[in-house]
file data.cif (mmCIF, C-alpha atoms and all ligand atoms)
data_upload
loop_
_atom_site.label_atom_id
_atom_site.label_comp_id
_atom_site.auth_asym_id
_atom_site.auth_seq_id
_atom_site.Cartn_x
_atom_site.Cartn_y
_atom_site.Cartn_z
CA MET G 30 0.00 0.00 0.00
CA THR G 31 1.28 3.49 -0.82
CA GLN G 32 1.62 6.01 2.02
CA SER G 33 1.80 9.78 1.60
CA SER G 34 5.21 11.43 2.34
CA SER G 35 3.86 13.48 5.25
CA SER G 36 2.73 10.38 7.19
CA VAL G 37 6.07 8.58 6.91
CA ASP G 38 9.04 9.18 9.18
CA LEU G 39 12.10 10.27 7.16
CA GLN G 40 14.59 8.56 9.46
CA GLN G 41 12.69 5.31 9.23
CA GLN G 42 12.83 5.56 5.45
CA ALA G 43 16.60 6.21 5.57
CA GLY G 44 16.90 3.10 7.75
CA LYS G 45 15.35 1.03 4.99
CA ILE G 46 18.15 2.04 2.63
CA LEU G 47 20.90 1.59 5.20
CA SER G 48 19.70 -1.85 6.22
CA GLN G 49 20.09 -2.97 2.57
CA VAL G 50 23.70 -1.82 2.61
CA ALA G 51 24.29 -3.56 5.95
CA GLY G 52 22.83 -6.75 4.42
CA TYR G 53 25.26 -6.44 1.51
CA VAL G 54 28.16 -6.17 3.98
CA GLY G 55 26.87 -9.31 5.67
CA VAL G 56 26.64 -11.28 2.41
CA LYS G 57 30.19 -10.29 1.42
CA THR G 58 31.43 -11.22 4.90
CA LEU G 59 29.74 -14.61 4.69
CA ASP G 60 31.15 -15.19 1.23
CA ILE G 61 34.72 -14.35 2.26
CA GLY G 62 34.44 -16.50 5.39
CA LEU G 63 33.11 -19.51 3.51
CA ARG G 64 35.54 -19.32 0.59
CA SER G 65 38.64 -18.70 2.73
CA GLY G 66 37.89 -21.44 5.27
CA LEU G 67 37.66 -18.93 8.15
CA PHE G 68 34.32 -20.35 9.31
CA GLU G 69 35.66 -23.89 9.07
CA GLU G 70 38.68 -22.95 11.17
CA ILE G 71 36.59 -21.22 13.84
CA ALA G 72 34.29 -24.27 13.97
CA LYS G 73 37.31 -26.31 15.08
CA HIS G 74 37.55 -24.12 18.19
CA PRO G 75 34.20 -24.34 20.01
CA GLN G 76 35.72 -22.58 23.04
CA GLY G 77 36.72 -19.63 20.83
CA ILE G 78 39.82 -18.48 18.96
CA THR G 79 41.38 -15.02 18.87
CA ALA G 80 41.80 -13.19 15.57
CA ASP G 81 45.55 -13.41 16.16
CA ALA G 82 45.51 -17.21 16.55
CA LEU G 83 43.09 -17.52 13.63
CA ALA G 84 45.37 -15.50 11.35
CA LYS G 85 48.39 -17.60 12.38
CA GLN G 86 46.50 -20.87 11.95
CA ARG G 87 45.47 -20.03 8.37
CA GLY G 88 48.56 -18.02 7.42
CA PHE G 89 46.40 -14.91 6.87
CA ASP G 90 47.20 -11.24 7.41
CA LEU G 91 46.31 -10.20 10.98
CA LEU G 92 44.62 -6.89 10.12
CA TYR G 93 42.50 -8.49 7.38
CA THR G 94 41.51 -11.32 9.70
CA GLN G 95 40.55 -8.84 12.44
CA VAL G 96 38.42 -6.81 10.01
CA TRP G 97 36.62 -9.95 8.86
CA CYS G 98 36.04 -11.19 12.44
CA ARG G 99 34.52 -7.90 13.55
CA SER G 100 32.22 -7.79 10.54
CA ALA G 101 31.14 -11.40 11.09
CA TYR G 102 30.42 -10.53 14.72
CA ALA G 103 28.45 -7.47 13.57
CA ALA G 104 26.44 -9.73 11.25
CA GLU G 105 25.68 -12.00 14.26
CA VAL G 106 27.24 -15.09 12.74
CA LEU G 107 30.14 -14.96 15.24
CA ASP G 108 29.94 -14.35 18.97
CA VAL G 109 32.74 -12.85 21.02
CA GLU G 110 33.99 -14.06 24.43
CA GLU G 111 35.17 -11.81 27.27
CA ASP G 112 38.81 -12.56 26.39
CA GLY G 113 38.18 -11.29 22.84
CA SER G 114 38.13 -14.71 21.19
CA TYR G 115 35.54 -15.47 18.53
CA LYS G 116 33.32 -18.51 18.14
CA LEU G 117 30.49 -19.43 15.81
CA ALA G 118 27.09 -18.14 16.96
CA PRO G 119 24.56 -20.88 17.85
CA HIS G 120 23.59 -23.18 14.95
CA MET G 121 25.90 -21.38 12.48
CA GLU G 122 28.06 -24.48 12.06
CA THR G 123 24.99 -26.45 10.94
CA LEU G 124 23.50 -23.70 8.80
CA LEU G 125 26.69 -22.61 7.08
CA LEU G 126 28.90 -25.70 6.99
CA ASP G 127 26.73 -28.83 7.02
CA GLN G 128 26.00 -29.42 3.33
CA ASP G 129 23.61 -32.27 4.11
CA PHE G 130 21.44 -30.32 6.55
CA PRO G 131 17.96 -29.61 5.08
CA GLY G 132 18.26 -25.93 6.00
CA TYR G 133 21.83 -25.58 4.65
CA ALA G 134 22.28 -21.90 3.79
CA GLY G 135 26.04 -21.87 3.19
CA GLY G 136 25.56 -22.10 -0.57
CA LEU G 137 23.67 -18.82 -0.88
CA PRO G 138 26.47 -16.24 -0.60
CA ALA G 139 28.51 -17.87 -3.39
CA VAL G 140 25.60 -17.76 -5.80
CA PHE G 141 24.39 -14.26 -4.92
CA THR G 142 27.88 -12.81 -5.39
CA GLN G 143 28.43 -14.28 -8.88
CA PRO G 144 28.20 -11.81 -11.80
CA GLU G 145 25.43 -13.89 -13.42
CA MET G 146 23.00 -13.03 -10.63
CA PHE G 147 22.64 -9.29 -11.22
CA ASP G 148 25.15 -8.06 -13.78
CA GLY G 149 23.58 -9.70 -16.83
CA LEU G 150 20.36 -7.77 -16.33
CA ALA G 151 22.10 -4.53 -15.35
CA GLN G 152 24.39 -4.62 -18.39
CA ASN G 153 21.57 -5.40 -20.81
CA LEU G 154 18.76 -3.22 -19.53
CA THR G 155 18.52 -1.49 -22.90
CA SER G 156 19.31 -4.36 -25.26
CA GLY G 157 17.28 -6.89 -23.30
CA LYS G 158 19.83 -9.49 -24.42
CA ARG G 159 19.16 -12.91 -22.91
CA THR G 160 21.56 -15.77 -22.17
CA TRP G 161 21.45 -19.51 -21.39
CA TRP G 162 23.18 -21.98 -19.09
CA ASP G 163 25.86 -22.87 -21.63
CA GLN G 164 27.04 -19.23 -21.46
CA THR G 165 27.44 -19.26 -17.66
CA SER G 166 30.67 -19.98 -15.78
CA PRO G 167 31.58 -23.24 -14.00
CA GLU G 168 31.60 -21.18 -10.75
CA TRP G 169 28.00 -20.17 -11.36
CA ILE G 170 26.91 -23.75 -12.05
CA GLN G 171 28.70 -24.97 -8.91
CA GLY G 172 27.20 -22.12 -6.89
CA VAL G 173 23.67 -22.86 -8.08
CA SER G 174 24.14 -26.53 -7.37
CA ALA G 175 24.98 -25.71 -3.74
CA THR G 176 21.60 -23.95 -3.48
CA GLY G 177 19.94 -26.88 -5.27
CA ARG G 178 21.58 -29.23 -2.76
CA ALA G 179 19.58 -27.74 0.12
CA PHE G 180 16.40 -28.30 -1.90
CA TYR G 181 17.37 -31.93 -2.59
CA ASN G 182 18.21 -32.40 1.11
CA ARG G 183 14.65 -31.40 1.96
CA LEU G 184 13.11 -33.28 -0.96
CA VAL G 185 14.85 -36.64 -0.51
CA PRO G 186 13.51 -38.43 1.38
CA GLY G 187 11.50 -36.03 3.64
CA GLY G 188 9.62 -33.99 1.02
CA LEU G 189 8.84 -36.96 -1.23
CA SER G 190 7.52 -38.92 1.76
CA LYS G 191 4.80 -36.28 2.11
CA VAL G 192 3.34 -37.10 -1.32
CA PRO G 193 0.62 -39.70 -0.65
CA GLY G 194 1.63 -43.15 -1.92
CA LEU G 195 5.02 -42.10 -3.27
CA SER G 196 7.22 -43.67 -0.57
CA ASP G 197 5.66 -47.09 -1.31
CA LYS G 198 6.42 -46.71 -5.00
CA LEU G 199 10.02 -45.68 -4.28
CA ALA G 200 10.49 -48.57 -1.84
CA GLN G 201 9.41 -51.05 -4.54
CA GLY G 202 12.44 -50.24 -6.69
CA ALA G 203 11.27 -47.54 -9.04
CA ARG G 204 12.64 -46.09 -12.26
CA VAL G 205 13.17 -42.48 -11.22
CA ALA G 206 14.00 -39.51 -13.47
CA ASP G 207 15.50 -36.23 -12.35
CA LEU G 208 14.39 -33.90 -15.13
CA ALA G 209 16.90 -31.02 -15.29
CA CYS G 210 19.30 -32.89 -13.01
CA GLY G 211 22.11 -30.30 -13.18
CA VAL G 212 25.40 -31.65 -11.76
CA GLY G 213 23.70 -34.77 -10.35
CA ILE G 214 23.43 -33.99 -6.65
CA GLY G 215 19.79 -35.16 -6.55
CA LEU G 216 20.57 -38.34 -8.48
CA GLU G 217 23.32 -39.19 -6.01
CA ARG G 218 21.01 -38.54 -3.07
CA MET G 219 18.19 -40.62 -4.55
CA ALA G 220 20.58 -43.47 -5.35
CA LYS G 221 21.60 -43.54 -1.67
CA ASN G 222 18.07 -43.22 -0.27
CA TYR G 223 16.30 -45.57 -2.68
CA PRO G 224 18.73 -48.47 -3.10
CA GLY G 225 16.46 -50.50 -5.40
CA SER G 226 15.86 -47.66 -7.83
CA TYR G 227 17.22 -47.03 -11.35
CA LEU G 228 18.01 -43.37 -12.01
CA VAL G 229 17.81 -41.32 -15.17
CA GLY G 230 19.17 -37.79 -15.27
CA VAL G 231 18.02 -35.48 -18.05
CA ASP G 232 19.42 -32.01 -18.64
CA GLY G 233 19.70 -29.54 -21.49
CA ASP G 234 23.21 -28.40 -20.52
CA ALA G 235 26.14 -30.59 -21.61
CA TYR G 236 28.64 -29.22 -19.06
CA SER G 237 26.27 -29.93 -16.14
CA LEU G 238 25.78 -33.49 -17.40
CA ASP G 239 29.56 -34.02 -17.60
CA MET G 240 29.79 -32.95 -13.97
CA ALA G 241 26.90 -35.29 -13.09
CA LYS G 242 28.64 -38.20 -14.81
CA GLU G 243 31.87 -37.54 -12.94
CA ARG G 244 30.00 -37.34 -9.62
CA LEU G 245 27.87 -40.47 -10.14
CA ASN G 246 30.74 -42.59 -11.48
CA LYS G 247 32.40 -42.20 -8.06
CA VAL G 248 29.43 -43.35 -5.97
CA VAL G 249 26.81 -45.19 -8.04
CA SER G 250 27.25 -48.42 -9.96
CA PRO G 251 27.09 -47.74 -13.74
CA ASP G 252 24.24 -50.25 -14.19
CA ARG G 253 22.04 -48.13 -11.91
CA PHE G 254 21.93 -44.86 -13.85
CA SER G 255 21.92 -43.22 -17.24
CA LEU G 256 22.16 -39.60 -18.36
CA VAL G 257 20.31 -38.00 -21.26
CA HIS G 258 21.30 -34.71 -22.90
CA SER G 259 17.99 -33.22 -23.99
CA PRO G 260 15.78 -30.23 -23.37
CA LEU G 261 12.53 -31.29 -21.69
CA GLU G 262 10.77 -29.82 -24.70
CA ASP G 263 12.28 -32.71 -26.76
CA LEU G 264 11.95 -35.48 -24.17
CA SER G 265 11.02 -38.56 -26.18
CA ALA G 266 10.48 -41.16 -23.40
CA VAL G 267 7.16 -43.04 -23.41
CA GLU G 268 5.86 -44.70 -20.21
CA GLU G 269 9.41 -45.09 -18.86
CA TYR G 270 9.36 -43.63 -15.38
CA ASP G 271 7.55 -44.50 -12.16
CA VAL G 272 8.59 -41.18 -10.66
CA ALA G 273 9.88 -37.95 -12.18
CA VAL G 274 11.14 -35.03 -10.13
CA ASN G 275 12.16 -31.54 -11.19
CA ASN G 276 14.17 -29.51 -8.70
CA ILE G 277 14.29 -25.68 -8.97
CA SER G 278 14.12 -25.89 -12.78
CA MET G 279 10.52 -26.25 -13.99
CA HIS G 280 10.12 -22.48 -14.24
CA GLU G 281 13.03 -22.47 -16.71
CA CYS G 282 11.29 -24.48 -19.43
CA ARG G 283 11.30 -22.63 -22.75
CA ASP G 284 7.90 -24.16 -23.49
CA ILE G 285 6.36 -25.33 -20.23
CA GLU G 286 3.21 -26.73 -21.89
CA LYS G 287 5.19 -28.93 -24.28
CA SER G 288 7.58 -30.01 -21.52
CA THR G 289 4.68 -30.97 -19.22
CA ALA G 290 2.95 -32.92 -22.00
CA ASN G 291 6.25 -34.77 -22.60
CA ILE G 292 6.67 -35.51 -18.89
CA TYR G 293 3.11 -36.86 -18.69
CA ARG G 294 3.80 -39.15 -21.65
CA ALA G 295 7.13 -40.27 -20.13
CA LEU G 296 5.44 -41.52 -16.95
CA LYS G 297 4.06 -45.03 -16.57
CA PRO G 298 0.34 -45.19 -15.68
CA GLY G 299 0.10 -44.30 -11.97
CA GLY G 300 3.51 -42.60 -12.12
CA TYR G 301 4.21 -39.47 -10.09
CA PHE G 302 5.59 -36.10 -11.14
CA VAL G 303 6.92 -33.84 -8.37
CA ILE G 304 7.89 -30.22 -8.97
CA SER G 305 10.18 -28.94 -6.20
CA ASP G 306 10.62 -25.20 -6.57
CA PHE G 307 10.65 -21.70 -5.12
CA PRO G 308 7.04 -20.59 -4.52
CA PHE G 309 7.10 -17.05 -5.91
CA PRO G 310 4.33 -14.89 -4.37
CA GLU G 311 1.26 -14.40 -6.54
CA LYS G 312 0.81 -10.74 -5.58
CA THR G 313 3.23 -7.80 -5.53
CA GLU G 314 2.01 -6.90 -2.01
CA GLN G 315 3.41 -10.23 -0.77
CA LEU G 316 6.98 -9.39 -1.75
CA ARG G 317 8.09 -7.61 1.43
CA THR G 318 9.19 -10.67 3.38
CA ILE G 319 12.73 -12.03 3.70
CA PRO G 320 11.99 -15.18 1.61
CA ALA G 321 10.22 -13.11 -1.07
CA ARG G 322 13.09 -10.62 -1.16
CA ILE G 323 15.56 -13.47 -1.73
CA MET G 324 13.34 -14.86 -4.49
CA SER G 325 13.10 -11.35 -6.00
CA GLY G 326 16.91 -11.42 -6.24
CA ILE G 327 16.84 -14.77 -8.06
CA GLN G 328 14.41 -13.24 -10.57
CA PHE G 329 17.27 -11.03 -11.87
CA PHE G 330 19.11 -14.11 -13.16
CA GLU G 331 15.91 -15.85 -14.26
CA ALA G 332 15.04 -12.83 -16.40
CA THR G 333 18.38 -13.11 -18.20
CA ILE G 334 17.48 -16.68 -19.23
CA ASN G 335 14.03 -15.43 -20.21
CA ASP G 336 11.88 -16.85 -17.43
CA GLN G 337 10.64 -16.08 -13.92
CA LEU G 338 10.03 -18.11 -10.76
CA LEU G 339 6.35 -19.07 -10.64
CA PRO G 340 3.64 -19.22 -7.98
CA VAL G 341 2.55 -22.66 -6.78
CA LYS G 342 -0.93 -22.03 -8.21
CA THR G 343 0.57 -21.84 -11.71
CA TYR G 344 1.99 -25.34 -11.27
CA VAL G 345 -1.27 -26.69 -9.84
CA ASP G 346 -3.15 -25.34 -12.87
CA LEU G 347 -0.45 -26.68 -15.20
CA LEU G 348 -0.67 -30.24 -13.85
CA ASN G 349 -4.48 -30.19 -13.86
CA ARG G 350 -4.51 -28.86 -17.42
CA HIS G 351 -2.30 -31.76 -18.55
CA GLY G 352 -4.51 -34.46 -17.08
CA PHE G 353 -2.59 -35.27 -13.90
CA LYS G 354 -4.75 -36.75 -11.11
CA ASN G 355 -4.52 -36.26 -7.34
CA VAL G 356 -2.74 -32.92 -7.79
CA GLY G 357 -1.57 -31.48 -4.48
CA THR G 358 1.00 -29.21 -2.86
CA VAL G 359 3.27 -29.33 0.18
CA GLU G 360 4.88 -26.26 1.73
CA ILE G 361 8.33 -27.39 2.83
CA THR G 362 9.72 -23.97 3.89
CA PRO G 363 8.79 -20.39 2.92
CA ILE G 364 11.18 -20.70 -0.06
CA HIS G 365 10.42 -24.31 -0.99
CA ALA G 366 7.18 -25.93 -2.11
CA LEU G 367 6.23 -29.16 -3.85
CA THR G 368 3.49 -29.52 -6.43
CA TYR G 369 2.72 -33.10 -7.42
CA GLY G 370 0.36 -35.14 -9.56
CA GLN G 371 -0.13 -38.69 -10.74
CA LYS G 372 -0.71 -40.05 -14.25
C1 LIG G 401 18.76 -24.12 -11.36
S1 LIG G 401 19.59 -25.43 -12.17
C2 LIG G 401 19.08 -26.77 -11.16
C3 LIG G 401 19.82 -28.03 -11.40
C4 LIG G 401 19.47 -29.15 -10.41
N1 LIG G 401 18.10 -29.58 -10.55
C5 LIG G 401 19.75 -28.69 -9.00
O1 LIG G 401 18.79 -28.44 -8.25
O2 LIG G 401 20.93 -28.57 -8.63
C6 LIG G 401 18.61 -25.58 -13.62
C7 LIG G 401 19.02 -26.72 -14.54
O3 LIG G 401 17.93 -26.95 -15.43
C8 LIG G 401 18.44 -27.17 -16.73
N2 LIG G 401 17.35 -26.78 -17.63
C9 LIG G 401 16.70 -25.62 -17.65
N3 LIG G 401 15.71 -25.64 -18.55
C10 LIG G 401 15.74 -26.85 -19.11
C11 LIG G 401 14.97 -27.49 -20.12
N4 LIG G 401 13.97 -26.86 -20.71
N5 LIG G 401 15.27 -28.75 -20.45
C12 LIG G 401 16.29 -29.42 -19.84
N6 LIG G 401 17.06 -28.86 -18.88
C13 LIG G 401 16.79 -27.60 -18.53
C14 LIG G 401 19.67 -26.29 -16.80
O4 LIG G 401 20.54 -26.75 -17.81
C15 LIG G 401 20.23 -26.44 -15.39
O5 LIG G 401 21.11 -27.54 -15.31
#
call {"tool": "encode", "arguments": {"input": "data.cif", "output": "structure tokens"}}
result
Amino acid sequence: MTQSSSSVDLQQQAGKILSQVAGYVGVKTLDIGLRSGLFEEIAKHPQGITADALAKQRGFDLLYTQVWCRSAYAAEVLDVEEDGSYKLAPHMETLLLDQDFPGYAGGLPAVFTQPEMFDGLAQNLTSGKRTWWDQTSPEWIQGVSATGRAFYNRLVPGGLSKVPGLSDKLAQGARVADLACGVGIGLERMAKNYPGSYLVGVDGDAYSLDMAKERLNKVVSPDRFSLVHSPLEDLSAVEEYDVAVNNISMHECRDIEKSTANIYRALKPGGYFVISDFPFPEKTEQLRTIPARIMSGIQFFEATINDQLLPVKTYVDLLNRHGFKNVGTVEITPIHALTYGQK
């Protein structure tokens, strides 16, 4: 809702700008701490470590280490003891360093600080030039996959177990497809959680599939998986899969109607399709929350690949329109929702 200037406190308005800048300082501090191993080192010292000892331990410059420590304390990710030593604030080790924790947030700074996130849009405001995954850097793909990992952690097995009847199907030894599998983190996780399953990874980006192959070859027997290089718009499978999942990618389809029709055809009768994605708010007035502000940031990149995150309702309508039965949704977190249906 719009308020008139006279009814709004000027200082409060200034605070809204300054808090954005403070948030930026926090993101950069998190990013430096995660990349340099400073957080990891501090985690090894639950009783606390001084900036001096920290700098010596890592071979870092003392002044730089002190500056980082103070900023991390200011951002409330470090606490300080009476003797001046720093330790991780409660739960920060889990949230920032445990890659398998469902609420793992340590992947976010790396992805939000990559040039792909904001610069593509800023540099092409006039031209409106778009890009695609094959034009992005390996760092970007790795960064995005760290964000995707947290989604897979919540999806497999917890999220999928909330879809009625799906756990039984997976326990029977299902043929499972990860459609837009990226670097294969979800395939690896499903292989571990559903030992009787056969896994198929499909993706439109060759580099991501190479990474997936490398990853899976280390941990999954070659007779348990295959990888397909194809856009979902050209998916040719017919009644092949018991279960198909799509993690943080369905909104990226160039032609979502064609892709959904292909996915429906690719499922065996009774097969499940689960969309695991960011639930973008339906209304502009719903954007002033922390999760919605983060999703608004992601929209900058999405725009450069010519799409936008979608509201859950759009997916519900999509699955209903394509003949899926038993369509339902599960809210996993404020930035993660499932929409599912059965053939
Ligand atoms: C945000 S990443 C997510 C990757 C993976 N699901 C994860 O969570 O880590 C999006 C992936 O979808 C793939 N992709 C996007 N649109 C696609 C399409 N229409 N067909 C096939 N793959 C697509 C991209 O190549 C990229 O690997």
call {"tool": "residues_near_ligand", "arguments": {"input": "data.cif", "ligand": "ligand LIG 401 (chain G)", "cutoff": "8 Å", "atoms": "only C-alpha atoms and all ligand atoms", "output": "PDB file with C-alpha atoms, in the coordinates of the input"}}
result
ATOM      1  CA  TRP G 162      23.180 -21.980 -19.090  1.00  0.00           C
ATOM      2  CA  ASP G 163      25.860 -22.870 -21.630  1.00  0.00           C
ATOM      3  CA  ILE G 170      26.910 -23.750 -12.050  1.00  0.00           C
ATOM      4  CA  VAL G 173      23.670 -22.860  -8.080  1.00  0.00           C
ATOM      5  CA  SER G 174      24.140 -26.530  -7.370  1.00  0.00           C
ATOM      6  CA  ALA G 175      24.980 -25.710  -3.740  1.00  0.00           C
ATOM      7  CA  THR G 176      21.600 -23.950  -3.480  1.00  0.00           C
ATOM      8  CA  GLY G 177      19.940 -26.880  -5.270  1.00  0.00           C
ATOM      9  CA  ARG G 178      21.580 -29.230  -2.760  1.00  0.00           C
ATOM     10  CA  PHE G 180      16.400 -28.300  -1.900  1.00  0.00           C
ATOM     11  CA  TYR G 181      17.370 -31.930  -2.590  1.00  0.00           C
ATOM     12  CA  ASP G 207      15.500 -36.230 -12.350  1.00  0.00           C
ATOM     13  CA  LEU G 208      14.390 -33.900 -15.130  1.00  0.00           C
ATOM     14  CA  ALA G 209      16.900 -31.020 -15.290  1.00  0.00           C
ATOM     15  CA  CYS G 210      19.300 -32.890 -13.010  1.00  0.00           C
ATOM     16  CA  GLY G 211      22.110 -30.300 -13.180  1.00  0.00           C
ATOM     17  CA  VAL G 212      25.400 -31.650 -11.760  1.00  0.00           C
ATOM     18  CA  GLY G 213      23.700 -34.770 -10.350  1.00  0.00           C
ATOM     19  CA  ILE G 214      23.430 -33.990  -6.650  1.00  0.00           C
ATOM     20  CA  GLY G 215      19.790 -35.160  -6.550  1.00  0.00           C
ATOM     21  CA  VAL G 231      18.020 -35.480 -18.050  1.00  0.00           C
ATOM     22  CA  ASP G 232      19.420 -32.010 -18.640  1.00  0.00           C
ATOM     23  CA  GLY G 233      19.700 -29.540 -21.490  1.00  0.00           C
ATOM     24  CA  ASP G 234      23.210 -28.400 -20.520  1.00  0.00           C
ATOM     25  CA  ALA G 235      26.140 -30.590 -21.610  1.00  0.00           C
ATOM     26  CA  SER G 237      26.270 -29.930 -16.140  1.00  0.00           C
ATOM     27  CA  LEU G 238      25.780 -33.490 -17.400  1.00  0.00           C
ATOM     28  CA  HIS G 258      21.300 -34.710 -22.900  1.00  0.00           C
ATOM     29  CA  SER G 259      17.990 -33.220 -23.990  1.00  0.00           C
ATOM     30  CA  PRO G 260      15.780 -30.230 -23.370  1.00  0.00           C
ATOM     31  CA  LEU G 261      12.530 -31.290 -21.690  1.00  0.00           C
ATOM     32  CA  GLU G 262      10.770 -29.820 -24.700  1.00  0.00           C
ATOM     33  CA  ASN G 275      12.160 -31.540 -11.190  1.00  0.00           C
ATOM     34  CA  ASN G 276      14.170 -29.510  -8.700  1.00  0.00           C
ATOM     35  CA  ILE G 277      14.290 -25.680  -8.970  1.00  0.00           C
ATOM     36  CA  SER G 278      14.120 -25.890 -12.780  1.00  0.00           C
ATOM     37  CA  MET G 279      10.520 -26.250 -13.990  1.00  0.00           C
ATOM     38  CA  HIS G 280      10.120 -22.480 -14.240  1.00  0.00           C
ATOM     39  CA  GLU G 281      13.030 -22.470 -16.710  1.00  0.00           C
ATOM     40  CA  CYS G 282      11.290 -24.480 -19.430  1.00  0.00           C
ATOM     41  CA  ARG G 283      11.300 -22.630 -22.750  1.00  0.00           C
ATOM     42  CA  ASP G 284       7.900 -24.160 -23.490  1.00  0.00           C
ATOM     43  CA  ILE G 285       6.360 -25.330 -20.230  1.00  0.00           C
ATOM     44  CA  SER G 288       7.580 -30.010 -21.520  1.00  0.00           C
TER      45      SER G 288
END
call {"tool": "residues_near_point", "arguments": {"input": "data.cif", "point": "(22.6, -7.9, -19.0)", "cutoff": "12 Å", "atoms": "only C-alpha atoms", "output": "PyMOL selection string"}}
result
chain G and resi 144-161+329-335
call {"tool": "closest_atom_pairs", "arguments": {"input": "data.cif", "of": "segment 84-166 of chain G", "to": "segment 59-66 of chain G", "cutoff": "9 Å", "atoms": "all atoms listed in the file", "output": "tab-separated table"}}
result
residue	atom	partner	partner_atom	distance
G:Arg87	CA	G:Gly66	CA	8.3
G:Trp97	CA	G:Gly62	CA	7.7
G:Cys98	CA	G:Gly62	CA	9.0
G:Ala101	CA	G:Leu59	CA	7.3
G:Ala104	CA	G:Leu59	CA	8.8
G:Val106	CA	G:Leu59	CA	8.4
G:Leu125	CA	G:Leu63	CA	8.0
G:Leu126	CA	G:Leu63	CA	8.3
G:Gly135	CA	G:Leu63	CA	7.5
G:Gly136	CA	G:Leu63	CA	9.0
G:Leu137	CA	G:Asp60	CA	8.6
G:Pro138	CA	G:Asp60	CA	5.1
G:Ala139	CA	G:Asp60	CA	6.0
G:Thr142	CA	G:Asp60	CA	7.8
call {"tool": "atom_distance", "arguments": {"input": "data.cif", "atom1": "atom CA of Asn291 of chain G", "atom2": "atom CA of Lys342 of chain G"}}
result
20.5 Å
call {"tool": "closest_residue", "arguments": {"input": "data.cif", "among": "G:Glu105, G:Asp81, G:Asp239, G:Asp346", "to": "Thr368 of chain G", "atoms": "all atoms listed in the file"}}
result
G:Asp346
call {"tool": "residues_around", "arguments": {"input": "data.cif", "residues": "Phe302 of chain G", "least_positions_apart": "3", "cutoff": "7 Å", "atoms": "only C-alpha atoms", "output": "PDB file with C-alpha atoms, in the frame of the given file"}}
result
ATOM      1  CA  VAL G 272       8.590 -41.180 -10.660  1.00  0.00           C
ATOM      2  CA  ALA G 273       9.880 -37.950 -12.180  1.00  0.00           C
ATOM      3  CA  VAL G 274      11.140 -35.030 -10.130  1.00  0.00           C
ATOM      4  CA  TYR G 369       2.720 -33.100  -7.420  1.00  0.00           C
ATOM      5  CA  GLY G 370       0.360 -35.140  -9.560  1.00  0.00           C
ATOM      6  CA  GLN G 371      -0.130 -38.690 -10.740  1.00  0.00           C
TER       7      GLN G 371
END
call {"tool": "atom_distance", "arguments": {"input": "data.cif", "atom1": "atom CA of Ser255 of chain G", "atom2": "atom CA of Phe130 of chain G"}}
result
27.1 Å
call {"tool": "atom_distance", "arguments": {"input": "data.cif", "atom1": "atom CA of Lys297 of chain G", "atom2": "atom CA of Tyr270 of chain G"}}
result
5.6 Å
call {"tool": "residues_around", "arguments": {"input": "data.cif", "residues": "Gly187 of chain G", "least_positions_apart": "6", "cutoff": "10 Å", "atoms": "all atoms listed in the file", "output": "PyMOL selection string"}}
result
chain G and resi 131+181+196+361
call {"tool": "residues_around", "arguments": {"input": "data.cif", "residues": "Gly225 of chain G", "least_positions_apart": "2", "cutoff": "10 Å", "atoms": "only C-alpha atoms", "output": "list of chain:residue names"}}
result
G:Leu199, G:Ala200, G:Gln201, G:Gly202, G:Ala203, G:Arg204, G:Ala220, G:Lys221, G:Asn222, G:Tyr223, G:Tyr227, G:Leu228, G:Arg253
call {"tool": "residues_around", "arguments": {"input": "data.cif", "residues": "Leu117 of chain G", "least_positions_apart": "5", "cutoff": "12 Å", "atoms": "all atoms listed in the file", "output": "PyMOL selection string"}}
result
chain G and resi 62+67-78+98+101-102+104-110+122-126
call {"tool": "residues_around", "arguments": {"input": "data.cif", "residues": "Thr313 of chain G", "least_positions_apart": "6", "cutoff": "12 Å", "atoms": "all atoms listed in the file", "output": "PyMOL selection string"}}
result
chain G and resi 30+321-322+325+340
call {"tool": "closest_residue", "arguments": {"input": "data.cif", "among": "G:Gly326, G:Gly352, G:Gly357, G:Pro363", "to": "Pro308 of chain G", "atoms": "all atoms listed in the file"}}
result
G:Pro363
call {"tool": "decode", "arguments": {"input": "data.cif", "residues": "segment 154-158 of chain G", "atoms": "N, CA, C and O atoms", "output": "compact mmCIF listing (two decimals), in the first residue's frame"}}
result
# COMPACT_ATOMS: atom_id res chain seq x y z
N LEU G 154 20.08 -3.84 -19.75
CA LEU G 154 18.76 -3.22 -19.53
C LEU G 154 18.17 -2.67 -20.82
O LEU G 154 16.97 -2.76 -21.06
N THR G 155 19.03 -2.07 -21.66
CA THR G 155 18.52 -1.49 -22.90
C THR G 155 18.34 -2.55 -23.98
O THR G 155 17.28 -2.66 -24.58
N SER G 156 19.37 -3.37 -24.16
CA SER G 156 19.31 -4.36 -25.26
C SER G 156 18.33 -5.48 -24.95
O SER G 156 17.76 -6.08 -25.85
N GLY G 157 18.15 -5.76 -23.68
CA GLY G 157 17.28 -6.89 -23.30
C GLY G 157 17.87 -8.23 -23.70
O GLY G 157 17.18 -9.25 -23.72
N LYS G 158 19.18 -8.24 -23.98
CA LYS G 158 19.83 -9.49 -24.42
C LYS G 158 19.67 -10.58 -23.37
O LYS G 158 19.82 -10.34 -22.18
